[in-house]
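Asks: Just one file: coords_21.txt, with compact mmCIF, C-alpha atoms.
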# COMPACT_ATOMS: atom_id res chain seq x y z
CA MET A 1 12.69 3.42 -13.89
CA ASN A 2 15.38 0.89 -14.41
CA PRO A 3 15.15 -1.33 -17.48
CA GLY A 4 15.02 -5.01 -16.66
CA ILE A 5 12.99 -4.59 -13.46
CA GLU A 6 10.06 -6.98 -13.37
CA LEU A 7 7.01 -7.23 -11.14
CA ASP A 8 8.53 -10.29 -9.50
CA GLU A 9 11.53 -8.21 -8.55
CA LEU A 10 9.20 -5.71 -6.90
CA LYS A 11 7.86 -8.65 -4.91
CA SER A 12 11.29 -9.65 -3.70
CA ALA A 13 12.04 -6.00 -2.90
CA TRP A 14 8.78 -5.88 -0.91
CA ARG A 15 9.90 -8.91 1.07
CA ALA A 16 13.29 -7.28 1.72
CA LEU A 17 11.59 -4.06 2.76
CA ASP A 18 10.47 -5.37 6.12
CA ALA A 19 13.97 -6.38 7.21
CA ARG A 20 15.24 -3.00 6.03
CA LEU A 21 12.54 -1.08 7.89
CA ALA A 22 13.12 -3.17 11.02
CA SER A 23 16.84 -2.36 10.92
CA LEU A 24 16.09 1.35 10.37
CA GLU A 25 13.74 1.20 13.35
CA GLY A 26 16.54 -0.41 15.36
CA VAL A 27 18.87 2.46 14.45
CA GLY A 28 16.12 4.86 15.49
CA LEU A 29 15.75 3.10 18.83
CA ASP A 30 19.52 3.19 19.38
CA LEU A 31 19.54 6.91 18.61
CA ALA A 32 16.63 7.49 20.98
CA ARG A 33 18.42 5.51 23.71
CA GLU A 34 21.58 7.53 23.12
CA GLN A 35 19.59 10.76 23.23
CA ARG A 36 17.97 9.73 26.51
CA ALA A 37 21.38 8.90 28.02
CA HIS A 38 22.66 12.28 26.82
CA GLU A 39 19.67 14.08 28.34
CA ARG A 40 20.08 12.22 31.63
CA GLY A 41 23.77 13.16 31.66
CA ASN A 42 22.93 16.83 31.06
CA ARG A 43 20.44 16.90 33.90
CA THR A 44 22.74 15.09 36.34
CA ARG A 45 25.62 17.38 35.40
CA ALA A 46 23.33 20.35 36.08
CA SER A 47 22.56 19.01 39.56
CA ILE A 48 26.27 18.66 40.33
CA ARG A 49 27.00 22.08 38.81
CA ALA A 50 24.49 23.52 41.29
CA LEU A 51 26.93 22.51 44.05
CA TRP A 52 29.81 24.56 42.69
CA PRO A 53 29.01 27.64 44.84
CA LEU A 54 29.08 25.31 47.84
CA ALA A 55 32.48 23.96 46.82
CA PHE A 56 33.74 27.51 46.28
CA GLY A 57 32.48 28.46 49.76
CA GLN A 58 34.36 25.51 51.25
CA VAL A 59 37.59 26.49 49.49
CA VAL A 60 37.22 29.99 50.94
CA GLN A 61 36.46 28.51 54.38
CA PHE A 62 39.54 26.29 54.12
CA ALA A 63 41.70 29.32 53.25
CA ILE A 64 40.27 31.35 56.13
CA GLY A 65 40.76 28.39 58.49
CA ALA A 66 44.41 28.07 57.40
CA ALA A 67 44.95 31.81 57.91
CA VAL A 68 43.36 31.62 61.38
CA ILE A 69 45.64 28.68 62.30
CA VAL A 70 48.75 30.60 61.26
CA PHE A 71 47.62 33.80 63.00
CA ALA A 72 46.59 31.99 66.22
CA ALA A 73 49.82 29.98 66.35
CA MET A 74 51.86 33.17 65.96
CA TRP A 75 49.73 34.83 68.63
CA TRP A 76 50.01 32.27 71.41
CA SER A 77 53.66 31.49 70.67
CA SER A 78 54.55 35.17 71.06
CA ASN A 79 52.53 35.57 74.31
CA LEU A 80 53.73 32.52 76.19
CA ASP A 81 54.27 34.58 79.37
CA GLN A 82 50.54 35.49 79.61
CA LEU A 83 48.43 32.43 80.16
CA HIS A 84 45.05 34.06 79.34
CA LEU A 85 46.34 35.28 75.98
CA VAL A 86 47.78 31.82 75.26
CA ALA A 87 44.36 30.33 76.11
CA CYS A 88 42.65 32.77 73.72
CA GLY A 89 45.18 31.91 71.00
CA VAL A 90 44.76 28.17 71.50
CA PHE A 91 40.97 28.50 71.35
CA LEU A 92 41.25 30.42 68.08
CA HIS A 93 43.82 27.90 66.81
CA ALA A 94 41.38 25.05 67.49
CA THR A 95 38.61 27.00 65.75
CA GLY A 96 40.86 27.47 62.72
CA ILE A 97 41.69 23.77 62.66
CA TRP A 98 37.98 22.89 62.78
CA MET A 99 37.19 25.38 60.00
CA ALA A 100 39.88 23.98 57.71
CA ALA A 101 39.23 20.32 58.56
CA SER A 102 35.44 20.55 58.12
CA ALA A 103 35.90 22.39 54.79
CA GLY A 104 38.34 19.69 53.68
CA TYR A 105 35.93 16.93 54.66
CA GLU A 106 33.06 18.62 52.84
CA LEU A 107 35.23 19.11 49.74
CA ALA A 108 36.07 15.40 49.89
CA LEU A 109 32.34 14.57 50.04
CA LEU A 110 31.68 16.90 47.10
CA SER A 111 34.51 15.44 45.03
CA GLY A 112 32.96 11.99 45.47
CA LEU A 113 29.92 13.05 43.43
CA ARG A 114 30.11 11.92 39.80
CA TRP A 115 27.41 12.60 37.24
CA THR A 116 27.84 9.07 35.87
CA MET A 117 26.72 7.55 39.19
CA PRO A 118 23.28 5.98 39.49
CA VAL A 119 20.75 8.59 40.66
CA LEU A 120 19.98 6.65 43.85
CA ASP A 121 23.66 6.61 44.77
CA LEU A 122 23.93 10.34 44.10
CA GLN A 123 20.85 10.98 46.21
CA LYS A 124 22.36 8.96 49.09
CA ARG A 125 25.58 10.93 48.89
CA LEU A 126 23.69 14.21 48.79
CA ALA A 127 21.72 13.12 51.87
CA GLN A 128 25.02 12.33 53.58
CA LEU A 129 26.35 15.78 52.63
CA ARG A 130 23.18 17.43 53.87
CA GLN A 131 23.39 15.60 57.21
CA TRP A 132 27.02 16.57 57.58
CA ARG A 133 26.22 20.23 56.85
CA MET A 134 23.43 20.18 59.43
CA ARG A 135 25.73 18.78 62.14
CA ASN A 136 28.54 21.09 61.15
CA SER A 137 26.32 24.16 61.30
CA ILE A 138 25.31 23.21 64.85
CA MET A 139 28.98 22.77 65.71
CA PHE A 140 29.74 26.24 64.32
CA ALA A 141 26.84 27.62 66.33
CA TRP A 142 28.42 26.19 69.52
CA ILE A 143 31.81 27.59 68.58
CA GLY A 144 30.25 30.96 67.72
CA CYS A 145 28.70 31.18 71.18
CA PHE A 146 32.20 31.34 72.73
CA ALA A 147 34.65 32.38 70.03
CA TRP A 148 33.79 36.05 70.12
CA VAL A 149 35.16 36.40 73.70
CA PRO A 150 38.79 35.38 72.99
CA MET A 151 38.64 37.28 69.73
CA LEU A 152 37.63 40.50 71.50
CA VAL A 153 40.21 39.94 74.25
CA MET A 154 42.87 39.43 71.59
CA ALA A 155 41.71 42.50 69.66
CA PHE A 156 41.92 44.68 72.77
CA ALA A 157 45.31 43.21 73.69
CA ALA A 158 46.57 43.92 70.19
CA ALA A 159 45.40 47.54 70.69
CA GLY A 160 47.40 47.70 73.93
CA VAL A 161 44.55 47.13 76.45
CA ASP A 162 44.71 43.89 78.39
CA LEU A 163 41.08 43.55 79.47
CA TRP A 164 41.71 40.45 81.60
CA VAL A 165 44.18 42.47 83.70
CA HIS A 166 42.36 45.82 83.76
CA ARG A 167 38.66 44.85 83.53
CA PRO A 168 38.43 41.19 84.49
CA LEU A 169 34.72 41.55 85.37
CA VAL A 170 33.92 42.58 81.82
CA VAL A 171 35.57 39.43 80.49
CA VAL A 172 33.81 37.30 83.11
CA ALA A 173 30.49 38.89 82.10
CA TRP A 174 31.22 38.11 78.45
CA ILE A 175 32.04 34.52 79.33
CA ALA A 176 28.85 34.29 81.40
CA SER A 177 26.78 35.65 78.52
CA SER A 178 28.49 33.12 76.22
CA PHE A 179 27.32 30.32 78.48
CA ALA A 180 23.84 31.85 78.63
CA THR A 181 23.71 31.95 74.81
CA ALA A 182 24.98 28.38 74.67
CA GLY A 183 22.26 27.40 77.15
CA LEU A 184 19.59 29.00 74.99
CA LEU A 185 21.04 27.23 71.96
CA TRP A 186 20.91 23.91 73.80
CA LEU A 187 17.26 24.50 74.77
CA ALA A 188 16.38 25.40 71.18
CA ILE A 189 18.10 22.28 69.83
CA ARG A 190 16.28 20.13 72.40
CA ALA A 191 12.93 21.69 71.48
CA ILE A 192 13.60 21.14 67.81
CA ARG A 193 14.72 17.53 68.30
CA GLY A 194 11.71 16.92 70.54
CA GLY A 195 9.41 17.69 67.63
CA ARG A 196 8.34 21.15 68.79
CA LEU A 197 9.07 24.25 66.69
CA SER A 198 8.75 22.10 63.56
CA LYS A 199 8.33 25.13 61.29
CA LEU A 200 11.48 26.73 62.65
CA ALA A 201 13.26 23.37 62.39
CA ALA A 202 12.35 23.05 58.72
CA GLU A 203 13.56 26.57 58.05
CA LEU A 204 16.81 26.01 59.93
CA ASP A 205 17.27 22.72 58.16
CA ALA A 206 16.88 24.39 54.76
CA ASN A 207 19.18 27.26 55.70
CA ALA A 208 21.84 24.96 57.10
CA ALA A 209 21.79 22.82 53.96
CA GLY A 210 22.18 25.90 51.77
CA GLN A 211 20.65 27.00 48.48
CA SER A 212 23.14 25.04 46.38
CA MET A 213 22.11 21.82 48.13
CA ARG A 214 18.44 22.56 47.53
CA ARG A 215 19.07 23.27 43.85
CA ALA A 216 21.14 20.08 43.47
CA GLU A 217 18.46 18.00 45.23
CA LEU A 218 15.72 19.47 43.04
CA ALA A 219 17.76 18.84 39.89
CA LEU A 220 18.44 15.28 41.00
CA ALA A 221 14.77 14.68 41.73
CA ASP A 222 14.17 15.91 38.18
CA VAL A 223 16.66 13.31 36.88
CA ALA A 224 14.93 10.58 38.89
CA ARG A 225 11.56 11.63 37.41
CA PHE A 226 13.06 11.69 33.91
CA GLU A 227 14.49 8.19 34.39
CA ALA A 228 11.12 6.92 35.63
CA GLU A 229 9.35 8.47 32.62
CA VAL A 230 11.62 6.94 30.01
CA ARG A 231 11.85 3.53 31.69
CA MET B 1 -12.52 -10.12 35.05
CA ASP B 2 -9.01 -8.71 35.37
CA ARG B 3 -7.50 -12.06 34.51
CA HIS B 4 -9.64 -12.15 31.38
CA ALA B 5 -8.50 -8.65 30.39
CA ASP B 6 -4.87 -9.58 31.05
CA ALA B 7 -5.20 -12.68 28.87
CA ASP B 8 -6.72 -10.57 26.07
CA ARG B 9 -3.94 -8.04 26.35
CA ALA B 10 -1.28 -10.75 26.24
CA ARG B 11 -2.94 -12.42 23.26
CA PHE B 12 -3.19 -9.10 21.41
CA ALA B 13 0.43 -8.23 22.20
CA ALA B 14 1.60 -11.57 20.84
CA LEU B 15 -0.47 -11.19 17.65
CA LEU B 16 0.70 -7.61 17.18
CA ALA B 17 4.33 -8.64 17.65
CA ALA B 18 3.91 -11.36 15.06
CA HIS B 19 2.36 -8.93 12.55
CA GLN B 20 4.43 -5.82 13.20
CA GLY B 21 6.14 -6.21 9.84
CA LEU B 22 2.75 -5.86 8.17
CA LEU B 23 2.07 -2.57 9.98
CA ARG B 24 5.57 -1.29 9.30
CA LYS B 25 5.27 -1.88 5.57
CA LEU B 26 1.78 -0.41 5.33
CA ALA B 27 2.89 2.63 7.27
CA TRP B 28 5.87 3.01 4.96
CA GLY B 29 3.54 3.07 1.97
CA PHE B 30 1.38 5.81 3.46
CA SER B 31 3.79 8.16 5.19
CA THR B 32 6.10 10.87 4.03
CA CYS B 33 8.82 10.68 6.69
CA ALA B 34 10.10 8.49 9.52
CA ALA B 35 8.20 10.47 12.15
CA ASP B 36 4.93 10.08 10.19
CA ARG B 37 5.64 6.39 9.82
CA ALA B 38 6.15 5.92 13.56
CA ASP B 39 2.95 7.90 14.29
CA LEU B 40 1.01 5.86 11.79
CA VAL B 41 2.22 2.55 13.24
CA GLN B 42 1.17 3.79 16.65
CA ASP B 43 -2.27 4.89 15.41
CA MET B 44 -2.74 1.56 13.64
CA SER B 45 -1.79 -0.36 16.79
CA ALA B 46 -4.12 1.74 18.94
CA GLN B 47 -7.00 1.24 16.51
CA LEU B 48 -6.33 -2.50 16.35
CA TRP B 49 -6.44 -2.72 20.14
CA ALA B 50 -9.68 -0.72 20.23
CA ALA B 51 -11.23 -2.99 17.60
CA PHE B 52 -9.75 -6.21 18.99
CA PRO B 53 -12.93 -7.23 20.91
CA ARG B 54 -14.76 -7.20 17.56
CA TRP B 55 -12.33 -9.60 15.85
CA ASP B 56 -14.29 -12.85 15.46
CA GLY B 57 -11.23 -15.10 15.55
CA VAL B 58 -12.58 -17.01 12.52
CA ARG B 59 -10.94 -14.85 9.88
CA PRO B 60 -7.13 -14.84 9.93
CA PHE B 61 -5.80 -12.09 12.17
CA SER B 62 -3.65 -10.79 9.30
CA THR B 63 -6.70 -10.19 7.05
CA TRP B 64 -8.56 -8.39 9.81
CA ALA B 65 -5.43 -6.41 10.82
CA TYR B 66 -4.82 -5.38 7.19
CA ARG B 67 -8.35 -4.07 6.96
CA VAL B 68 -8.24 -2.07 10.17
CA ALA B 69 -4.71 -0.77 9.53
CA LEU B 70 -5.52 0.22 5.95
CA ASN B 71 -8.61 2.07 7.13
CA VAL B 72 -6.44 4.03 9.54
CA ALA B 73 -3.83 4.72 6.85
CA LEU B 74 -6.38 5.74 4.21
CA GLY B 75 -8.27 7.83 6.78
CA GLU B 76 -5.13 9.69 7.73
CA ARG B 77 -4.25 10.24 4.08
CA ARG B 78 -7.67 11.73 3.51
CA GLN B 79 -7.06 14.10 6.42
CA GLN B 80 -3.69 15.11 4.97
CA ARG B 81 -4.80 15.39 1.36
CA ASP B 82 -1.90 17.65 0.48
CA ALA B 83 0.57 15.04 1.56
CA THR B 84 -0.75 12.50 -0.94
CA THR B 85 0.77 14.47 -3.77
CA THR B 86 4.22 14.40 -2.22
CA GLY B 87 4.38 10.61 -2.15
CA ILE B 88 6.83 8.58 -0.13
CA ASP B 89 9.72 10.21 1.62
CA ASP B 90 12.62 10.43 -0.85
CA ALA B 91 15.17 10.23 1.93
CA LEU B 92 13.61 6.98 3.03
CA VAL B 93 13.76 5.56 -0.48
CA GLN B 94 17.44 6.51 -0.55
CA SER B 95 18.07 5.06 2.90
CA LEU B 96 16.38 1.82 1.92
CA ALA B 97 18.87 1.50 -0.87
CA SER B 98 21.89 2.54 1.18
CA ASN B 99 25.05 0.49 1.09
CA ASP B 100 24.13 -2.02 3.80
CA ALA B 101 21.26 -3.43 1.75
CA GLY B 102 22.40 -6.27 -0.50
CA PRO B 103 23.38 -5.07 -4.01
CA GLU B 104 20.55 -7.11 -5.54
CA HIS B 105 18.06 -5.19 -3.43
CA VAL B 106 19.39 -1.70 -4.00
CA VAL B 107 17.73 -1.16 -7.36
CA GLY B 108 14.64 -3.13 -6.40
CA LEU B 109 13.99 -1.11 -3.26
CA GLN B 110 14.37 2.16 -5.11
CA GLU B 111 12.04 0.99 -7.85
CA LEU B 112 9.56 -0.21 -5.29
CA GLY B 113 9.59 3.19 -3.57
CA ARG B 114 8.99 4.97 -6.86
CA ALA B 115 6.26 2.55 -7.95
CA VAL B 116 4.34 2.91 -4.68
CA ALA B 117 4.79 6.68 -4.56
CA ALA B 118 3.36 7.08 -8.06
CA LEU B 119 0.02 5.48 -7.14
CA ASP B 120 -3.15 6.86 -5.60
CA PRO B 121 -3.92 5.54 -2.08
CA LEU B 122 -6.35 2.76 -3.17
CA ASN B 123 -4.00 1.41 -5.83
CA ARG B 124 -1.16 1.76 -3.38
CA ALA B 125 -3.04 -0.50 -0.96
CA LEU B 126 -3.91 -2.88 -3.78
CA LEU B 127 -0.28 -3.12 -4.89
CA MET B 128 0.95 -3.71 -1.35
CA LEU B 129 -1.56 -6.51 -0.78
CA TYR B 130 -0.65 -8.04 -4.15
CA LEU B 131 3.06 -7.86 -3.30
CA ASP B 132 2.26 -9.64 -0.04
CA ASP B 133 0.87 -12.53 -2.13
CA LEU B 134 -2.61 -12.34 -0.63
CA PRO B 135 -5.31 -14.24 -2.51
CA TYR B 136 -7.79 -12.10 -4.50
CA ARG B 137 -10.61 -13.14 -2.20
CA GLU B 138 -8.74 -11.84 0.85
CA ILE B 139 -7.70 -8.64 -0.92
CA GLY B 140 -11.35 -8.08 -1.82
CA GLU B 141 -12.38 -8.67 1.78
CA ILE B 142 -9.82 -6.17 3.02
CA LEU B 143 -10.57 -3.45 0.49
CA GLY B 144 -14.32 -4.08 0.28
CA LEU B 145 -14.19 -5.18 -3.37
CA THR B 146 -15.50 -8.28 -5.08
CA GLU B 147 -12.98 -10.95 -6.06
CA SER B 148 -13.52 -10.26 -9.76
CA ASN B 149 -13.17 -6.52 -9.23
CA VAL B 150 -9.85 -7.15 -7.52
CA GLY B 151 -8.73 -9.23 -10.53
CA VAL B 152 -9.68 -6.49 -12.99
CA ARG B 153 -8.05 -3.73 -10.98
CA LEU B 154 -4.90 -5.76 -10.43
CA ASN B 155 -4.58 -6.55 -14.11
CA ARG B 156 -4.85 -2.88 -14.96
CA LEU B 157 -2.35 -2.02 -12.26
CA LYS B 158 0.14 -4.62 -13.49
CA GLN B 159 -0.20 -3.37 -17.06
CA ARG B 160 0.40 0.17 -15.88
CA LEU B 161 3.45 -0.85 -13.91
CA ARG B 162 4.84 -2.99 -16.73
CA ALA B 163 4.35 -0.21 -19.22
CA LYS B 164 6.15 2.15 -16.91
CA LEU B 165 8.95 -0.34 -16.33
CA GLU B 166 9.39 -0.92 -20.05
CA THR B 167 9.25 2.71 -21.12
CA SER B 168 11.63 3.98 -18.48
Now, as a test, write the supplied structure out as C-alpha cells.
Replies:
Amino acid sequence: MNPGIELDELKSAWRALDARLASLEGVGLDLAREQRAHERGNRTRASIRALWPLAFGQVVQFAIGAAVIVFAAMWWSSNLDQLHLVACGVFLHATGIWMAASAGYELALLSGLRWTMPVLDLQKRLAQLRQWRMRNSIMFAWIGCFAWVPMLVMAFAAAGVDLWVHRPLVVVAWIASSFATAGLLWLAIRAIRGGRLSKLAAELDANAAGQSMRRAELALADVARFEAEVR
Amino acid sequence: MDRHADADRARFAALLAAHQGLLRKLAWGFSTCAADRADLVQDMSAQLWAAFPRWDGVRPFSTWAYRVALNVALGERRQQRDATTTGIDDALVQSLASNDAGPEHVVGLQELGRAVAALDPLNRALLMLYLDDLPYREIGEILGLTESNVGVRLNRLKQRLRAKLETS
C-alpha cells in the first residue's frame, strides 16, 4: 500500500467512489444504448436486404420491357402496310411500356426505403409497395389474357404464315377465348373482392406480394418487437 | 386498493432513487466484475421491494436498506464461496483510478479497493458502514451486533488497516 495513506483518506475515497461508480454506470448505459441502436440497425438492414431479389427482378423486368419496346417498334414500323400486324406490334409496344414503367415505379418505391427510417414509416412504405404489387399483378393478369394472341400472330407472321389472312377464324377464336379468360378473371376478382374465396384470396395475395416482401415484412415486425422490448 | 399500491410503488421508487448510491457502493464491495455488480444491485432492489411492506417507517430507510441489501450481498457471497477469495475486480479498481478521476482520488481509490478486497465479508461490511460514517448503534443494528461489539471490532479493524498502511 502507499505510504502516507490514512484512514481518513479512505473515507474521502469512499465518498468519491459513488460519483465514480455512477459515471461508470452512465458509460455502461451509453454503451448499452449504442449496442441497442446497432442491433436495431442490423435487423432493419436485414429486412431491406430481403428485398434485394425483388429489386433484381424489377431490373430484369425493366430490361425485358425495354427490349420489348424496341422489338415492337421495329415490328410495327416495318409492317405499316398491314394494319393487323401494326395493331399486334402496337399492343406489344404498349405491353413493353407498361412492363418498363411499372418496374421503374417499383424500383423508385424500393429506393425510398432507408434502414435509418422509423419502423412505422418503413412499414407504411412496405404496405404501399405491397398494395402496388397486388394491383400490378392484376394488371399483368389482364394483359396476359390478351397478349398471347398478338404474340402468336407475330410469331407465325415472322415464320412466313399470316394467320389473319389465311386462317382468320383461328385468330377470331383465339381472341374470343381471350375474352372468355378475361371474363373468368373478372368473375374471380369480383368473388374475391366480395369476400368469397377468402382462402384463395389470401394465397393470391401472398403470391402477388412475393417471398421477398414476406421476408422483409417479417424482419420488420421483428424490429418493431425488438424496439418494443427495449423501450 | 390499486391507488394504494401505486402510492407504495411511487414511494419505494423515490426512496430507492435517493439511496441508489448506497446499493451501488455495497454491490461494488461484494462483486468481482461489472456484470456481477449490476446483478447484485438488481437483486438488492428486488429484495428491498419484496421486504418493503415490512419496513416500519420508524427506523431510517437507509438503516433498513443497508440491512436488507447486506443480507442479500452476504447471502450471495456465501453461495459463491470461491469468489470470496478472488476479491474485488482488479479491472474495476484500475478503472476507478483512471485518468478522469481527480489526481487526489487516484491513489485513494486504489487503496480503498485493495483494503476492501483484503477483508472477509463481515469485516468488509463493517468497513463500508464505518466509511459511511454510520453511528456504532446503527452499524450494530444493521449487522446484528451490540454497540460495544461494533466498537471492539472496528478498533481491531482500524489497527489492522493502519498496520498495513504503515508497513506497506
Asks: Rank nothing, just name the residue among A:Ala101, A:Leu10, A:Gly183, A:Leu220 nearest to Arg45 in chain A, using all atoms listed in the file.
Replies: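 The closest residue to Arg45 in chain A is A:Leu220.
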Asks: Residues of chain A no more than 6 Å from chain B, counting all atoms listed in the file: send them over as a list in words.
Replies: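 Contact residues on the first chain: Met1, Leu10, Lys11, Ala13 and Asp18 of chain A.
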Asks: What is the distance between CA of Cys145 in chain A and CA of Ser177 in chain A, in Å to one decimal?
Replies: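 The value is 8.8 Å.
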Asks: Which one of A:Val119, A:Ala141, A:Ala155, A:Ile48 sits closest to Trp186 in chain A if you count all atoms listed in the file?
Replies: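 Nearest to Trp186 in chain A: A:Ala141.
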Asks: With all atoms listed in the file as the basis for distance, which of A:Lys124, A:Val60, A:Leu21, A:Val68 is at the shortest distance from Arg37 in chain B?
Replies: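 Residue with the minimum atom-to-atom distance to Arg37 in chain B: A:Leu21.
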Asks: As an exercise, work out the distance from CA of Leu126 in chain A to CA of Ala67 in chain A in Å and give it to one decimal place.
Replies: 29.1 Å
